[in-house]
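Printed here is target_5.csv (CSV, C-alpha atoms):
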chain,number,residue,atom,x,y,z
A,1242,MET,CA,-39.4,-77.0,150.8
A,1243,LEU,CA,-38.3,-78.2,147.4
A,1244,TYR,CA,-37.7,-81.6,148.7
A,1245,ALA,CA,-41.2,-81.7,150.2
A,1246,LEU,CA,-42.7,-80.9,146.8
A,1247,LEU,CA,-40.6,-83.5,145.1
A,1248,GLY,CA,-41.7,-86.0,147.7
A,1249,CYS,CA,-45.4,-85.4,146.7
A,1250,PHE,CA,-44.6,-86.1,143.0
A,1251,SER,CA,-45.9,-89.6,142.1
A,1252,GLY,CA,-45.5,-91.3,138.8
A,1253,ALA,CA,-43.8,-90.4,135.5
A,1254,PRO,CA,-44.2,-87.0,133.9
A,1255,ASP,CA,-47.0,-86.7,131.3
A,1256,THR,CA,-45.3,-86.9,127.9
A,1257,GLY,CA,-48.5,-86.7,125.9
A,1258,VAL,CA,-47.9,-90.2,124.6
A,1259,TYR,CA,-50.8,-92.5,124.9
A,1260,ASP,CA,-50.1,-96.2,124.8
A,1261,PRO,CA,-53.4,-97.6,123.3
A,1262,ALA,CA,-54.4,-101.2,123.4
A,1263,ALA,CA,-52.9,-103.2,120.6
A,1264,THR,CA,-55.4,-102.7,117.8
A,1265,PRO,CA,-54.8,-104.7,114.6
A,1266,PRO,CA,-54.0,-102.1,111.9
A,1267,SER,CA,-56.0,-101.9,108.7
A,1268,ILE,CA,-54.9,-100.1,105.6
A,1269,THR,CA,-56.9,-96.9,105.1
A,1270,ASP,CA,-54.9,-95.5,102.1
A,1271,ILE,CA,-52.3,-97.0,99.8
A,1272,THR,CA,-50.5,-95.8,96.7
A,1273,VAL,CA,-48.1,-97.8,94.7
A,1274,SER,CA,-46.5,-95.9,91.8
A,1275,CYS,CA,-43.7,-96.5,89.3
A,1276,THR,CA,-42.0,-93.8,87.3
A,1277,GLY,CA,-41.6,-94.7,83.6
A,1278,GLU,CA,-38.4,-96.1,82.3
A,1279,SER,CA,-36.4,-95.2,85.4
A,1280,GLY,CA,-38.3,-97.9,87.2
A,1281,LYS,CA,-38.4,-96.0,90.5
A,1282,TRP,CA,-41.1,-97.5,92.7
A,1283,THR,CA,-42.7,-95.8,95.6
A,1284,LEU,CA,-45.1,-97.2,98.2
A,1285,ASP,CA,-47.1,-94.9,100.5
A,1286,VAL,CA,-49.4,-96.6,103.1
A,1287,VAL,CA,-51.6,-95.2,105.9
A,1288,THR,CA,-53.1,-97.4,108.5
A,1289,ASP,CA,-55.7,-96.8,111.3
A,1290,ALA,CA,-53.4,-98.0,114.1
A,1291,TRP,CA,-49.8,-98.5,114.9
A,1292,THR,CA,-48.0,-101.2,112.9
A,1293,GLY,CA,-45.0,-103.4,113.3
A,1294,GLY,CA,-44.1,-102.4,109.7
A,1295,GLY,CA,-44.9,-104.2,106.5
A,1296,THR,CA,-43.4,-106.2,103.7
A,1297,LEU,CA,-43.6,-105.7,99.9
A,1298,TRP,CA,-43.1,-108.8,97.8
A,1299,LEU,CA,-42.3,-108.5,94.0
A,1300,SER,CA,-42.1,-111.3,91.5
A,1301,ALA,CA,-42.8,-112.1,87.9
A,1302,ASP,CA,-42.4,-115.8,88.0
A,1303,GLY,CA,-42.5,-117.0,91.6
A,1304,GLU,CA,-38.9,-118.2,91.3
A,1305,TYR,CA,-37.1,-114.9,91.7
A,1306,VAL,CA,-38.9,-113.1,94.5
A,1307,GLU,CA,-37.9,-109.8,96.1
A,1308,LYS,CA,-38.8,-109.1,99.7
A,1309,HIS,CA,-38.6,-105.5,100.9
A,1310,GLY,CA,-39.2,-104.5,104.5
A,1311,VAL,CA,-41.3,-101.3,104.9
A,1312,ILE,CA,-41.0,-99.2,108.0
A,1313,SER,CA,-43.0,-96.4,109.6
A,1314,ALA,CA,-42.1,-92.9,108.5
A,1315,GLU,CA,-44.5,-91.2,111.0
A,1316,SER,CA,-47.1,-92.3,113.5
A,1317,ALA,CA,-49.8,-90.6,115.6
A,1318,LEU,CA,-48.8,-90.3,119.3
A,1319,ASP,CA,-52.2,-91.7,120.3
A,1320,GLY,CA,-51.8,-94.9,118.2
A,1321,THR,CA,-54.6,-94.0,115.8
A,1322,SER,CA,-52.5,-94.1,112.6
A,1323,ASP,CA,-49.2,-95.1,111.1
A,1324,HIS,CA,-47.6,-93.9,107.8
A,1325,LEU,CA,-45.2,-96.3,106.1
A,1326,GLU,CA,-43.1,-95.4,103.1
A,1327,LEU,CA,-40.7,-97.2,100.7
A,1328,ALA,CA,-38.8,-96.0,97.6
A,1329,LEU,CA,-37.0,-98.5,95.4
A,1330,SER,CA,-34.6,-97.5,92.6
A,1331,LEU,CA,-34.0,-99.8,89.6
A,1332,ALA,CA,-30.8,-101.9,89.9
A,1333,ALA,CA,-28.8,-102.5,86.7
A,1334,ASP,CA,-28.5,-106.2,87.6
A,1335,PHE,CA,-30.6,-108.4,89.9
A,1336,GLN,CA,-27.4,-109.2,91.7
A,1337,ASP,CA,-27.1,-105.6,92.7
A,1338,VAL,CA,-30.6,-105.5,94.3
A,1339,HIS,CA,-30.6,-104.4,98.0
A,1340,GLU,CA,-33.5,-105.1,100.2
A,1341,GLY,CA,-35.4,-101.9,100.9
A,1342,SER,CA,-33.6,-99.7,98.4
A,1343,SER,CA,-33.5,-101.2,94.9
A,1344,THR,CA,-35.3,-103.7,92.7
A,1345,ALA,CA,-34.7,-105.6,89.5
A,1346,PHE,CA,-38.2,-104.8,88.2
A,1347,ASN,CA,-39.0,-101.8,86.1
A,1348,CYS,CA,-42.5,-100.5,85.4
A,1349,GLY,CA,-43.0,-102.7,82.4
A,1350,THR,CA,-41.8,-106.0,83.6
A,1351,PRO,CA,-44.1,-108.6,82.0
A,1352,GLY,CA,-46.2,-110.6,84.5
A,1353,LEU,CA,-45.0,-108.5,87.5
A,1354,GLN,CA,-47.0,-109.1,90.7
A,1355,GLY,CA,-46.8,-107.2,93.9
A,1356,LEU,CA,-48.1,-108.1,97.4
A,1357,PHE,CA,-48.0,-105.7,100.4
A,1358,VAL,CA,-48.6,-107.0,103.9
A,1359,VAL,CA,-49.0,-104.9,107.1
A,1360,TYR,CA,-48.3,-106.4,110.5
A,1361,ASP,CA,-49.6,-105.9,114.0
A,1362,ARG,CA,-47.5,-103.8,116.5
A,1363,ALA,CA,-45.4,-106.8,117.4
A,1364,GLY,CA,-44.5,-107.4,113.7
A,1365,THR,CA,-45.5,-111.0,113.9
A,1366,THR,CA,-49.1,-111.3,112.6
A,1367,ALA,CA,-50.3,-110.1,109.2
A,1368,THR,CA,-53.4,-107.9,109.7
A,1369,ASP,CA,-54.1,-106.5,106.2
A,1370,CYS,CA,-52.8,-106.7,102.6
A,1371,ARG,CA,-53.1,-105.4,99.1
A,1372,ASP,CA,-51.9,-107.0,95.8
A,1373,PHE,CA,-51.3,-105.7,92.3
A,1374,GLY,CA,-50.6,-107.1,88.9
A,1375,ASP,CA,-52.6,-109.0,86.3
A,1376,ASP,CA,-53.1,-112.2,88.2
A,1377,PRO,CA,-53.1,-111.9,92.0
A,1378,SER,CA,-54.0,-115.6,92.5
A,1379,ARG,CA,-50.4,-116.4,91.4
A,1380,TRP,CA,-49.2,-115.5,95.0
A,1381,THR,CA,-51.2,-118.5,96.2
A,1382,ALA,CA,-49.9,-120.7,93.5
A,1383,TRP,CA,-46.3,-119.6,94.3
A,1384,GLU,CA,-47.0,-120.4,98.0
A,1385,ILE,CA,-45.9,-117.0,99.1
A,1386,GLY,CA,-49.1,-115.5,100.3
A,1387,GLU,CA,-52.7,-114.7,99.5
A,1388,CYS,CA,-54.6,-111.5,99.4
A,1389,THR,CA,-58.0,-110.7,97.9
A,1390,GLN,CA,-57.8,-106.9,97.9
A,1391,THR,CA,-56.3,-105.8,94.6
A,1392,ILE,CA,-55.2,-102.3,93.8
A,1393,SER,CA,-53.8,-100.5,90.7
A,1394,VAL,CA,-50.3,-99.2,90.2
A,1395,GLU,CA,-49.9,-95.6,89.1
A,1396,VAL,CA,-47.4,-95.5,86.3
A,1397,ARG,CA,-46.0,-92.0,85.7

Transcribe the structure of this file into structure tokens.
Amino acid sequence: MLYALLGCFSGAPDTGVYDPAATPPSITDITVSCTGESGKWTLDVVTDAWTGGGTLWLSADGEYVEKHGVISAESALDGTSDHLELALSLAADFQDVHEGSSTAFNCGTPGLQGLFVVYDRAGTTATDCRDFGDDPSRWTAWEIGECTQTISVEVR
């Protein structure tokens, strides 16, 4: 009898996970903050669809540029949101900087510019961005990227 019941079973079990169509994610909420002299940076991003992660770029002169991958910390099972986080501590020397965990830039670095880009589910196409700093057009001049949506950094 058990074998007869198993024979009637068709398809995979319902896991409650819905695989939505690949909707390009847009940023719905973003916070960039830097904690005083310690120079600890935090990035907290929420999108309206699953992402393939993001990238945070930091530079003060376009010559020395840091690139930090940002990954999902939590996402909705139905694909309607993604939450990305990044925390960077201040490295004592730029040679000690490690992608995704430390930076050479403190909160008061003169001319510091930041650019955050979020990618589609495949992680190949930029779908939204935000920049910060006193002159966002410098990203274009440095031939790194371009974004027209500027945000402020919370300095604590």

Exercise: stretch 1307-1321 of chain A partners within 10 Å, all atoms listed in the file, chain neighbours under 2 positions left out, as an MDAnalysis selection string: chainID A and resid 1256:1264 1266 1284:1301 1303:1305 1323:1329 1335 1338:1346 1355:1359

Interatomic distance (Å, one decimal) between atom CA of A:Ile1271 and atom CA of A:Ser1322: 13.1 Å

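Candidate residues A:Asp1302, A:Glu1387, A:Asp1337, A:Asp1361 were compared for distance to A:Ser1267, and the nearest is A:Asp1361, using only C-alpha atoms.
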
Residue among A:Thr1365, A:Gln1354, A:Thr1276, A:Ser1393 lying closest to A:Pro1377, counting all atoms listed in the file: A:Gln1354

Residue with smallest distance to A:Arg1362 - pool A:Asp1375, A:Pro1265, A:Val1394, A:Trp1380, counting all atoms listed in the file: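 Going through A:Asp1375, A:Pro1265, A:Val1394, A:Trp1380 one by one, the smallest distance to A:Arg1362 is for A:Pro1265.
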
Length of the atom CA of A:Ser1378 to atom CA of A:Gly1349 vector [Å]: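 Result for atom CA of A:Ser1378 versus atom CA of A:Gly1349: 19.7 Å, one decimal.
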
Best match for closeness to A:Thr1272 among A:Ala1363, A:Thr1381, A:Asp1372, A:Cys1348, counting only C-alpha atoms: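 Distance minimum relative to A:Thr1272 lands on A:Asp1372.
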
Distance criterion (only C-alpha atoms): nearest to A:Cys1388 out of A:Gln1336, A:Asp1376, A:Cys1370, A:Gly1280: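 Smallest distance to A:Cys1388 is found for A:Cys1370.
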
Straight-line distance linking atom CA of A:Glu1395 with atom CA of A:Ala1333, stated in Å to one decimal: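 We find that atom CA of A:Glu1395 and atom CA of A:Ala1333 lie 22.3 Å from each other.
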